[in-house]
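> Structure: data.cif, mmCIF, C-alpha atoms.
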```cif
data_start
loop_
_atom_site.group_PDB
_atom_site.id
_atom_site.type_symbol
_atom_site.label_atom_id
_atom_site.label_comp_id
_atom_site.auth_asym_id
_atom_site.auth_seq_id
_atom_site.Cartn_x
_atom_site.Cartn_y
_atom_site.Cartn_z
ATOM 1 C CA GLN A 165 0.000 0.000 0.000
ATOM 2 C CA VAL A 166 1.351 3.399 -1.039
ATOM 3 C CA SER A 167 1.433 5.932 1.782
ATOM 4 C CA LEU A 168 3.204 8.920 3.316
ATOM 5 C CA MET A 169 3.394 9.779 6.983
ATOM 6 C CA GLU A 170 4.542 13.020 8.571
ATOM 7 C CA SER A 171 6.159 13.555 11.944
ATOM 8 C CA GLY A 172 7.876 16.348 13.832
ATOM 9 C CA GLY A 173 5.081 18.832 14.379
ATOM 10 C CA GLY A 174 4.456 20.508 17.700
ATOM 11 C CA LEU A 175 4.407 23.760 19.635
ATOM 12 C CA VAL A 176 7.281 26.187 19.247
ATOM 13 C CA GLN A 177 7.866 29.787 20.269
ATOM 14 C CA PRO A 178 8.246 32.507 17.650
ATOM 15 C CA GLY A 179 11.774 32.523 16.312
ATOM 16 C CA GLY A 180 12.202 28.823 17.013
ATOM 17 C CA SER A 181 12.798 25.888 14.691
ATOM 18 C CA LEU A 182 11.155 22.597 13.814
ATOM 19 C CA ARG A 183 12.062 19.835 11.418
ATOM 20 C CA LEU A 184 9.261 17.926 9.775
ATOM 21 C CA SER A 185 9.873 14.478 8.349
ATOM 22 C CA CYS A 186 7.891 12.424 5.861
ATOM 23 C CA VAL A 187 8.443 8.728 5.273
ATOM 24 C CA ALA A 188 7.219 6.932 2.172
ATOM 25 C CA SER A 189 5.947 3.368 2.296
ATOM 26 C CA GLY A 190 5.050 1.014 -0.526
ATOM 27 C CA PHE A 191 7.011 2.850 -3.191
ATOM 28 C CA SER A 192 10.427 4.307 -3.917
ATOM 29 C CA LEU A 193 10.842 8.082 -3.724
ATOM 30 C CA SER A 194 13.447 8.018 -6.469
ATOM 31 C CA TYR A 195 12.398 10.304 -9.352
ATOM 32 C CA TYR A 196 9.351 11.513 -7.407
ATOM 33 C CA THR A 197 8.739 15.185 -6.861
ATOM 34 C CA VAL A 198 8.148 15.800 -3.157
ATOM 35 C CA ALA A 199 6.397 18.729 -1.547
ATOM 36 C CA TRP A 200 5.098 20.231 1.662
ATOM 37 C CA PHE A 201 1.736 21.989 1.853
ATOM 38 C CA ARG A 202 0.026 23.642 4.777
ATOM 39 C CA GLN A 203 -3.491 24.598 5.689
ATOM 40 C CA ALA A 204 -4.456 27.076 8.365
ATOM 41 C CA PRO A 205 -8.017 27.218 9.755
ATOM 42 C CA GLY A 206 -10.364 28.849 7.261
ATOM 43 C CA LYS A 207 -7.726 29.054 4.557
ATOM 44 C CA GLU A 208 -6.888 27.198 1.384
ATOM 45 C CA ARG A 209 -4.187 24.567 1.383
ATOM 46 C CA GLU A 210 -1.055 26.200 0.011
ATOM 47 C CA GLY A 211 2.218 24.865 -1.273
ATOM 48 C CA VAL A 212 5.157 25.696 0.971
ATOM 49 C CA ALA A 213 8.088 23.957 -0.680
ATOM 50 C CA CYS A 214 8.716 21.492 -3.455
ATOM 51 C CA LEU A 215 11.750 19.558 -4.685
ATOM 52 C CA SER A 216 12.108 17.748 -7.978
ATOM 53 C CA GLY A 217 13.278 14.155 -8.042
ATOM 54 C CA THR A 218 15.020 14.520 -11.375
ATOM 55 C CA ASP A 219 16.708 17.875 -11.936
ATOM 56 C CA GLY A 220 17.000 19.298 -8.412
ATOM 57 C CA SER A 221 14.740 22.253 -9.139
ATOM 58 C CA SER A 222 12.736 23.620 -6.251
ATOM 59 C CA TYR A 223 9.960 25.981 -5.280
ATOM 60 C CA TYR A 224 9.375 27.959 -2.078
ATOM 61 C CA LEU A 225 6.412 30.039 -1.029
ATOM 62 C CA GLU A 226 7.574 33.641 -0.965
ATOM 63 C CA SER A 227 6.852 34.089 2.738
ATOM 64 C CA VAL A 228 9.106 31.157 3.729
ATOM 65 C CA LYS A 229 12.069 31.822 1.453
ATOM 66 C CA GLY A 230 15.269 31.977 3.461
ATOM 67 C CA ARG A 231 13.593 30.357 6.499
ATOM 68 C CA PHE A 232 12.456 26.928 5.277
ATOM 69 C CA THR A 233 14.501 24.273 3.490
ATOM 70 C CA ILE A 234 13.217 21.137 1.799
ATOM 71 C CA SER A 235 15.515 18.158 1.447
ATOM 72 C CA ARG A 236 15.330 14.451 0.751
ATOM 73 C CA ASP A 237 17.070 11.155 1.406
ATOM 74 C CA ASN A 238 15.930 8.673 -1.212
ATOM 75 C CA ALA A 239 17.891 5.828 0.376
ATOM 76 C CA LYS A 240 15.775 6.230 3.520
ATOM 77 C CA SER A 241 12.583 6.959 1.572
ATOM 78 C CA MET A 242 12.261 10.205 3.488
ATOM 79 C CA PHE A 243 12.092 13.905 2.904
ATOM 80 C CA TYR A 244 12.171 16.826 5.278
ATOM 81 C CA LEU A 245 11.170 20.419 5.886
ATOM 82 C CA GLN A 246 13.541 22.376 8.086
ATOM 83 C CA MET A 247 11.694 25.400 9.417
ATOM 84 C CA ASP A 248 13.689 28.178 11.057
ATOM 85 C CA ARG A 249 12.694 31.579 12.457
ATOM 86 C CA LEU A 250 9.120 30.392 12.754
ATOM 87 C CA GLN A 251 6.398 32.996 13.031
ATOM 88 C CA PRO A 252 2.806 32.768 14.339
ATOM 89 C CA GLU A 253 1.513 32.956 10.761
ATOM 90 C CA ASP A 254 3.272 29.658 10.052
ATOM 91 C CA THR A 255 0.754 27.922 12.325
ATOM 92 C CA ALA A 256 -1.063 25.296 10.270
ATOM 93 C CA VAL A 257 -1.452 21.625 9.576
ATOM 94 C CA TYR A 258 1.457 20.610 7.386
ATOM 95 C CA TYR A 259 1.036 17.872 4.779
ATOM 96 C CA CYS A 260 3.656 16.036 2.784
ATOM 97 C CA ALA A 261 2.902 15.011 -0.776
ATOM 98 C CA ALA A 262 4.613 13.241 -3.641
ATOM 99 C CA ASP A 263 4.038 12.648 -7.308
ATOM 100 C CA ARG A 264 5.963 10.939 -10.083
ATOM 101 C CA TRP A 265 4.959 13.372 -12.818
ATOM 102 C CA ALA A 266 4.350 16.771 -11.225
ATOM 103 C CA GLY A 267 7.221 19.185 -10.939
ATOM 104 C CA PRO A 268 7.949 22.392 -9.005
ATOM 105 C CA ASP A 269 6.856 24.379 -12.056
ATOM 106 C CA VAL A 270 3.196 23.646 -11.283
ATOM 107 C CA PHE A 271 3.411 26.198 -8.474
ATOM 108 C CA GLY A 272 4.154 28.946 -10.935
ATOM 109 C CA ARG A 273 1.603 28.128 -13.596
ATOM 110 C CA GLU A 274 -1.347 26.357 -11.957
ATOM 111 C CA GLN A 275 -4.042 27.833 -9.747
ATOM 112 C CA TYR A 276 -4.410 24.617 -7.723
ATOM 113 C CA PRO A 277 -1.033 22.846 -7.705
ATOM 114 C CA ARG A 278 -2.192 20.493 -4.963
ATOM 115 C CA ARG A 279 -4.377 18.739 -7.563
ATOM 116 C CA PHE A 280 -1.231 17.505 -9.292
ATOM 117 C CA PHE A 281 -0.006 15.494 -6.316
ATOM 118 C CA GLY A 282 -1.376 11.986 -6.027
ATOM 119 C CA THR A 283 -0.010 10.769 -2.714
ATOM 120 C CA TRP A 284 -0.547 12.570 0.579
ATOM 121 C CA GLY A 285 0.173 12.208 4.244
ATOM 122 C CA ARG A 286 -2.448 12.839 6.908
ATOM 123 C CA GLY A 287 -0.847 15.987 8.256
ATOM 124 C CA THR A 288 0.988 17.162 11.340
ATOM 125 C CA GLN A 289 0.077 20.215 13.396
ATOM 126 C CA VAL A 290 2.548 23.050 13.820
ATOM 127 C CA ASN A 291 1.716 25.751 16.363
ATOM 128 C CA VAL A 292 3.878 28.833 16.705
ATOM 129 C CA SER A 293 2.957 30.735 19.820
ATOM 130 C CA SER A 294 4.463 32.339 22.885
#
```
Can you present the structure in this file as structure tokens?


Amino acid sequence: QVSLMESGGGLVQPGGSLRLSCVASGFSLSYYTVAWFRQAPGKEREGVACLSGTDGSSYYLESVKGRFTISRDNAKSMFYLQMDRLQPEDTAVYYCAADRWAGPDVFGREQYPRRFFGTWGRGTQVNVSS
């Protein structure tokens, strides 16, 4: 069975850091594009970061550039989101996603890039509060 599962969410003070992890089961992450999305209460799910599995290209939401870093370890079937200098507006449920055919370019040209990702985790809550 193909699945993704996130871990690493929690409560952190503003300015703090968290590292989210996503493990893939039932398939190999090699050549898959991987991504992190988030959804805050009452808001649309938005793409936060994306990393190609073929050419190394990436995408970051403008508000997280320079603070968040997406990375992957195909040998471990895992990918990560390092989040530094967290702010209260980063509070959301974070979802990992993967797809063999989508690429980071969907975030620049599609209104709903989440529709291009076929495999999703269930989400992990991140709360940034003092």

> Specify as a PyMOL selection string each residue included when the PyMOL selection byres ((chain A and resi 228) around 10) is applied to this file.

chain A and resi 212-213+224-227+229-233+247-251+254

> Quick check on the file I pasted: which residues fall under the PyMOL selection byres ((chain A and resi 186) around 7)? Write them as a ChimeraX atom specification.

/A:168-171,184-185,187-188,242-244,260

> May I ask for the distance between atom CA of A:Asn291 and atom CA of A:Tyr223, given in Å to one decimal place?

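These two atoms are separated by 23.2 Å.
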
> As an exercise, work out the distance from atom CA of A:Tyr196 to atom CA of A:Asp263 in Å and give it to one decimal place.

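Pair atom CA of A:Tyr196 / atom CA of A:Asp263 returns 5.4 Å.
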
> For the structure provided, state which residues fall under the PyMOL selection byres ((chain A and resi 252) around 10), and present them as a PyMOL selection string.

chain A and resi 176-179+250-251+253-256+290-294

> Atom CA of A:Arg278 and atom CA of A:Asn238, how far apart in Å?

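Distance between the two atoms: 22.0 Å.
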